[in-house]
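Chemist: The structure under discussion is supplied below as structure tokens; questions concerning it will follow.
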Number of protein chains: 2
Amino acid sequence: MTPFGRYEDVSLKELSARAIRSAFDDAGVGFDDVQAVFFGNVAAGVMYGQHSIRGETVTHAMGAGALPVTNVENACASGANAFHLGWSAVAGGQYDTVLVVGAEKLYSQDKQKSFSAFLGGMDVDYLDLGDGAGVTRSPFIDRYAKVADLLLNERGLTREAFAQVASKAHSNGALNPYAQRRKALTPEEILASRHVLGPLTVLMCSPVGDGAAAAVITSRRPSESPVRILASQMRSLSADSTGPSDSHEYSAAAAWEQAGLGPEDMDLAEVHDATTPGEIVSWVESGLCRPGDEMKWIETGHTTLSGPLPVNPSGGLIARGHPIGATGVAQVFEGVQQLRGTAGDRQVANARRAFLQCGGGLIKGTTAVSAAHVLTTE
Amino acid sequence: MTPFGRYEDVSLKELSARAIRSAFDDAGVGFDDVQAVFFGNVAAGVMYGQHSIRGETVTHAMGAGALPVTNVENACASGANAFHLGWSAVAGGQYDTVLVVGAEKLYSQDKQKSFSAFLGGMDVDYLDLGDGAGVTRSPFIDRYAKVADLLLNERGLTREAFAQVASKAHSNGALNPYAQRRKALTPEEILASRHVLGPLTVLMCSPVGDGAAAAVITSRRPSESPVRILASQMRSLSADSTGPSDSHEYSAAAAWEQAGLGPEDMDLAEVHDATTPGEIVSWVESGLCRPGDEMKWIETGHTTLSGPLPVNPSGGLIARGHPIGATGVAQVFEGVQQLRGTAGDRQVANARRAFLQCGGGLIKGTTAVSAAHVLTTE
């Protein structure tokens, strides 16, 4: 993957190419070995008018042959959706080697342009946004402020607890050369940062940024450091969804069943912390944390790098960054680094199994889509 | 599927729902039987701001459960791409029953809005368009005018021949209750219609319109009139592509190999006639017609309903219409009707095998993506 950040002078084609070349180098393959491409992106249409054939514009520019290229859009889970399709095609024997790409150029000096890309990730028949949503802030923040209020009012969380979890994200990000935000911050600094909405400050929210990540999935002879996909599942919200993101519950439950493993078997997790409250609810929705244990987890440092279950060792969306279509594949990248033991200063000790979960979109207040993966070295 | 046409007062959700309900009724299944959804659409983002989660907005509004929903975009081949993914998932054993949807609302009183949706289907780094492209006409017309010139100048075709092939499309469409244009027209009427660009008149070009089509793909006990998918392949252009659409050559060659059949085994074909020259070149690119035989095919009525190989019995994109994301699935619908013998007045006699091919997008003058399918009753 590329480091996430601002790439004002680098095109989406070039960003994607950097991530692809890096994945090819790592896997020891090239376009001649790849039989299909799954390309996840959200905003190229809104940002510079490129709809429809985003993946082909990248592979063609890189000199690839006449591969089947599928362009996937599923809000912040677009990269995870692409990965799921790639896994499905290889697991089903359709192909033996595929390339998965998540790429996004989201930063613009015109903030409203970036924010309007987010708006398209909501059911446009149910936009219910406060003043300033989509103008001075991402429209998704309004929803996360409600999630934050739910945690504060009904589940006994505190703003200080939010700041502590956000501080963990920034501390981890400081150890990650791929992270957009690389400065360790105290909870006090996070609470003192610019107020965004409700209980949220800017350092509890993922930044706008650019980046690309790529993965090669193969059923051929594995590399020297093979990582296997034990489960890959995706679910949407159901028509009778009521929770903030029960699509996370559905995708996690399906992944646990497919993997034949449970949350207790995981050595680390990467979850969708578009904001800090998002990370906290996802602990519970994915089955990692028992409802009611959230404060205990925070107080005991359960999810820190040295805790019993490190969550978001990469820094997560808040510190590693969140170029939306790239995020799902970046989670895979982090999982692979951790399971290979090559994560450097942010390495989780004895990491053999990782849970990854990525959400996206919003329909009537509920996360529209969630993808969950379980990786293992076994 | 829904009849194609103008649906100014019907939402994309409702259009999609109509097609889905119709496919469910036909297959005798409902959302409880379906394990995944593949949703093809191009223009909802440009037309009314709905990006990212188009399929979920439809399934949620219809009361579906927490299904995995993949949103696919691949220009005019979006529906065909969705069908290919659905086939792949069932053929690979990932699911036993999936729903494939292609849906598009493209008509707007503001023509430039519709045309700008097309522009996003070209590599935006290589837009090379004449005056008026994307303003008074679809920007794809400029490319098809060049294809027409190629046929006229290098392959011995004539404008009268174009008109004859277009007349066939309109005659077939007149027999199809799902067609947007349902009036039989003579070659003379077609030549006399409004001039668009180069050798093209408006009745040689597919109209802008709306519509949806859906298909259920299952490995369970087949219906009373089963139609099997013998081949499903997709290819992009290669980096050294030079022909107008050699992605068609790649996808057709792959489909013939997978099916273990050749063009000579087909009883009918549905091909991508966004314009009449597009149909003619596709005969050759797909291997159906030997290079140089095009004029003979036209003079002898080779591709008419009663000819040796009826092509586009539905009326094709020119008469059935071309709501871009829906077209690939509409081709499947026509193939199934024909192979079941339920195509009414447009029925091809003794139809047992059908070839379907759908293209999309444009990079440096070449079709970016092509999907090819072979269906059979055997």
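Residues in the structure tokens are numbered from 1 in each chain, the chains being A, B, ... in the order shown, and ligands are numbered from 1 in the order shown.
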Could you list, as a list in words, every residue within 6 Å of segment 232-245 of chain A, counting only C-alpha atoms and ignoring same-chain residues fewer than 4 positions away?
Modeler: His84, Ser251, Ala255, Thr366, Thr367, Ala368, Val369, Ser370, Ala371, Ala372 and His373 of chain A; His60, Gly63, Ala64, Gly65, Ala66, Leu67 and Pro68 of chain B
Chemist: If we count only C-alpha atoms, what is near segment 299-311 of chain A at a cut-off of 8 Å, once residues fewer than 4 positions away on the same chain are taken out, given as a PyMOL selection string?
Modeler: chain A and resi 168+172+266-271+295+346-349
Chemist: I'd like to know which residues of segment 18-255 of chain B are strand (DSSP E or B) (by DSSP, run on the backbone); could you write them as a VMD selection string?
Modeler: chain B and resid 36 to 40 69 to 72 74 76 97 to 104 122 133 137 195 to 197 200 to 201 205 210 to 218 228 to 236
Chemist: Mind dumping the selected residues with N, CA and C atoms as a CSV table (one decimal), in the first residue's frame?
Modeler:
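After the write, result10.csv holds the following:
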```
chain,number,residue,atom,x,y,z
B,36,ALA,N,-27.3,-13.7,-2.0
B,36,ALA,CA,-26.5,-12.6,-2.4
B,36,ALA,C,-27.1,-11.8,-3.5
B,37,VAL,N,-26.8,-10.5,-3.6
B,37,VAL,CA,-27.3,-9.7,-4.7
B,37,VAL,C,-26.2,-9.0,-5.4
B,38,PHE,N,-26.3,-8.9,-6.7
B,38,PHE,CA,-25.3,-8.2,-7.5
B,38,PHE,C,-26.0,-7.2,-8.3
B,39,PHE,N,-25.7,-5.9,-8.1
B,39,PHE,CA,-26.5,-4.8,-8.6
B,39,PHE,C,-25.7,-3.9,-9.5
B,40,GLY,N,-26.1,-3.8,-10.8
B,40,GLY,CA,-25.4,-3.0,-11.8
B,40,GLY,C,-26.2,-1.7,-12.1
B,69,VAL,N,-24.7,-7.4,-0.6
B,69,VAL,CA,-25.1,-6.7,-1.8
B,69,VAL,C,-23.9,-6.0,-2.4
B,70,THR,N,-23.5,-6.4,-3.6
B,70,THR,CA,-22.4,-5.8,-4.3
B,70,THR,C,-22.9,-4.9,-5.4
B,71,ASN,N,-22.3,-3.7,-5.4
B,71,ASN,CA,-22.7,-2.7,-6.4
B,71,ASN,C,-21.6,-2.6,-7.4
B,72,VAL,N,-22.0,-2.8,-8.7
B,72,VAL,CA,-21.0,-2.9,-9.8
B,72,VAL,C,-21.2,-1.8,-10.7
B,74,ASN,N,-19.6,-0.7,-14.5
B,74,ASN,CA,-18.7,-1.0,-15.6
B,74,ASN,C,-19.3,-0.5,-16.9
B,76,CYS,N,-21.6,0.6,-19.9
B,76,CYS,CA,-22.7,-0.1,-20.5
B,76,CYS,C,-22.7,-1.6,-20.2
B,97,THR,N,-28.1,-19.7,-4.7
B,97,THR,CA,-29.1,-18.8,-5.4
B,97,THR,C,-28.7,-17.4,-5.2
B,98,VAL,N,-28.6,-16.7,-6.3
B,98,VAL,CA,-28.3,-15.2,-6.2
B,98,VAL,C,-29.3,-14.4,-7.1
B,99,LEU,N,-29.4,-13.2,-6.8
B,99,LEU,CA,-30.2,-12.2,-7.5
B,99,LEU,C,-29.3,-11.3,-8.3
B,100,VAL,N,-29.5,-11.1,-9.5
B,100,VAL,CA,-28.8,-10.1,-10.3
B,100,VAL,C,-29.7,-9.0,-10.8
B,101,VAL,N,-29.3,-7.8,-10.7
B,101,VAL,CA,-30.2,-6.7,-11.1
B,101,VAL,C,-29.4,-5.7,-11.9
B,102,GLY,N,-30.0,-5.3,-13.0
B,102,GLY,CA,-29.4,-4.1,-13.8
B,102,GLY,C,-30.5,-3.1,-13.8
B,103,ALA,N,-30.2,-1.9,-13.4
B,103,ALA,CA,-31.3,-0.8,-13.4
B,103,ALA,C,-30.7,0.5,-13.7
B,104,GLU,N,-31.5,1.3,-14.4
B,104,GLU,CA,-31.0,2.7,-14.8
B,104,GLU,C,-32.2,3.6,-15.0
B,122,MET,N,-15.9,7.2,-20.0
B,122,MET,CA,-14.7,7.3,-20.8
B,122,MET,C,-13.5,7.6,-19.9
B,133,ALA,N,-20.3,17.3,-28.5
B,133,ALA,CA,-20.3,16.0,-27.9
B,133,ALA,C,-20.6,16.2,-26.4
B,137,ARG,N,-25.4,15.7,-28.1
B,137,ARG,CA,-25.4,14.3,-28.4
B,137,ARG,C,-24.6,13.5,-27.4
B,195,HIS,N,-30.3,13.7,-38.7
B,195,HIS,CA,-28.9,13.5,-38.8
B,195,HIS,C,-28.2,13.7,-37.5
B,196,VAL,N,-27.4,12.8,-37.0
B,196,VAL,CA,-26.7,13.0,-35.7
B,196,VAL,C,-25.2,13.4,-35.9
B,197,LEU,N,-24.5,12.5,-36.5
B,197,LEU,CA,-23.0,12.8,-36.8
B,197,LEU,C,-22.5,11.8,-37.8
B,200,LEU,N,-24.3,8.7,-39.3
B,200,LEU,CA,-25.4,8.2,-38.4
B,200,LEU,C,-26.6,9.1,-38.4
B,201,THR,N,-27.8,8.5,-38.5
B,201,THR,CA,-29.0,9.2,-38.2
B,201,THR,C,-29.5,8.7,-36.8
B,205,CYS,N,-29.2,4.9,-33.8
B,205,CYS,CA,-28.6,5.1,-32.5
B,205,CYS,C,-29.6,4.7,-31.4
B,210,ASP,N,-35.1,4.6,-19.6
B,210,ASP,CA,-35.0,4.0,-18.2
B,210,ASP,C,-35.5,2.6,-18.3
B,211,GLY,N,-35.1,1.8,-17.3
B,211,GLY,CA,-35.6,0.4,-17.2
B,211,GLY,C,-34.8,-0.4,-16.2
B,212,ALA,N,-35.3,-1.6,-15.9
B,212,ALA,CA,-34.6,-2.5,-15.0
B,212,ALA,C,-34.9,-3.9,-15.5
B,213,ALA,N,-33.9,-4.8,-15.2
B,213,ALA,CA,-34.0,-6.2,-15.5
B,213,ALA,C,-33.4,-7.0,-14.4
B,214,ALA,N,-33.9,-8.1,-14.1
B,214,ALA,CA,-33.4,-8.9,-13.0
B,214,ALA,C,-33.4,-10.4,-13.4
B,215,ALA,N,-32.5,-11.2,-12.8
B,215,ALA,CA,-32.4,-12.6,-13.1
B,215,ALA,C,-32.0,-13.3,-11.8
B,216,VAL,N,-32.6,-14.5,-11.6
B,216,VAL,CA,-32.2,-15.4,-10.5
B,216,VAL,C,-31.4,-16.5,-11.1
B,217,ILE,N,-30.2,-16.6,-10.5
B,217,ILE,CA,-29.3,-17.7,-10.9
B,217,ILE,C,-29.2,-18.7,-9.7
B,218,THR,N,-29.5,-20.0,-10.0
B,218,THR,CA,-29.5,-21.0,-9.0
B,218,THR,C,-28.9,-22.3,-9.4
B,228,ARG,N,-29.6,-23.0,-18.9
B,228,ARG,CA,-28.3,-23.1,-18.3
B,228,ARG,C,-27.3,-22.1,-18.8
B,229,ILE,N,-26.4,-21.7,-18.0
B,229,ILE,CA,-25.3,-20.8,-18.4
B,229,ILE,C,-24.1,-21.7,-18.7
B,230,LEU,N,-23.8,-21.8,-20.0
B,230,LEU,CA,-22.7,-22.6,-20.4
B,230,LEU,C,-21.3,-21.9,-20.3
B,231,ALA,N,-21.4,-20.6,-20.5
B,231,ALA,CA,-20.2,-19.8,-20.4
B,231,ALA,C,-20.5,-18.4,-19.9
B,232,SER,N,-19.7,-17.8,-19.1
B,232,SER,CA,-19.8,-16.4,-18.7
B,232,SER,C,-18.4,-15.9,-18.6
B,233,GLN,N,-18.0,-14.9,-19.4
B,233,GLN,CA,-16.6,-14.4,-19.4
B,233,GLN,C,-16.7,-12.9,-19.5
B,234,MET,N,-15.7,-12.2,-19.0
B,234,MET,CA,-15.6,-10.8,-19.1
B,234,MET,C,-14.1,-10.5,-19.4
B,235,ARG,N,-13.9,-9.5,-20.2
B,235,ARG,CA,-12.5,-9.0,-20.5
B,235,ARG,C,-12.5,-7.5,-20.7
B,236,SER,N,-11.3,-6.9,-20.3
B,236,SER,CA,-11.1,-5.5,-20.6
B,236,SER,C,-10.3,-5.4,-21.9
```
Chemist: List the spatial neighbours of Ala75 of chain A as a PyMOL selection string - criterion: any atom at most 9 Å away, only C-alpha atoms, same-chain residues fewer than 2 positions off excluded.
Modeler: (chain A and resi 41-42+73+77-79+118+120-122+324-325+359-362+368-369) or (chain B and resi 51-53)
Chemist: Hey, which of A:Ala19, A:Leu339, A:Ile363, A:Arg159 ends up closest to chain B? Count only C-alpha atoms.
Modeler: A:Ile363
Chemist: With only C-alpha atoms as the counted atoms, please give the residues lying no more than 12 Å from Asp142 of chain A, apart from itself and same-chain residues fewer than 4 positions off, as a ChimeraX atom specification.
Modeler: /A:119,127-138,146-149,196-200,205,275,362,365
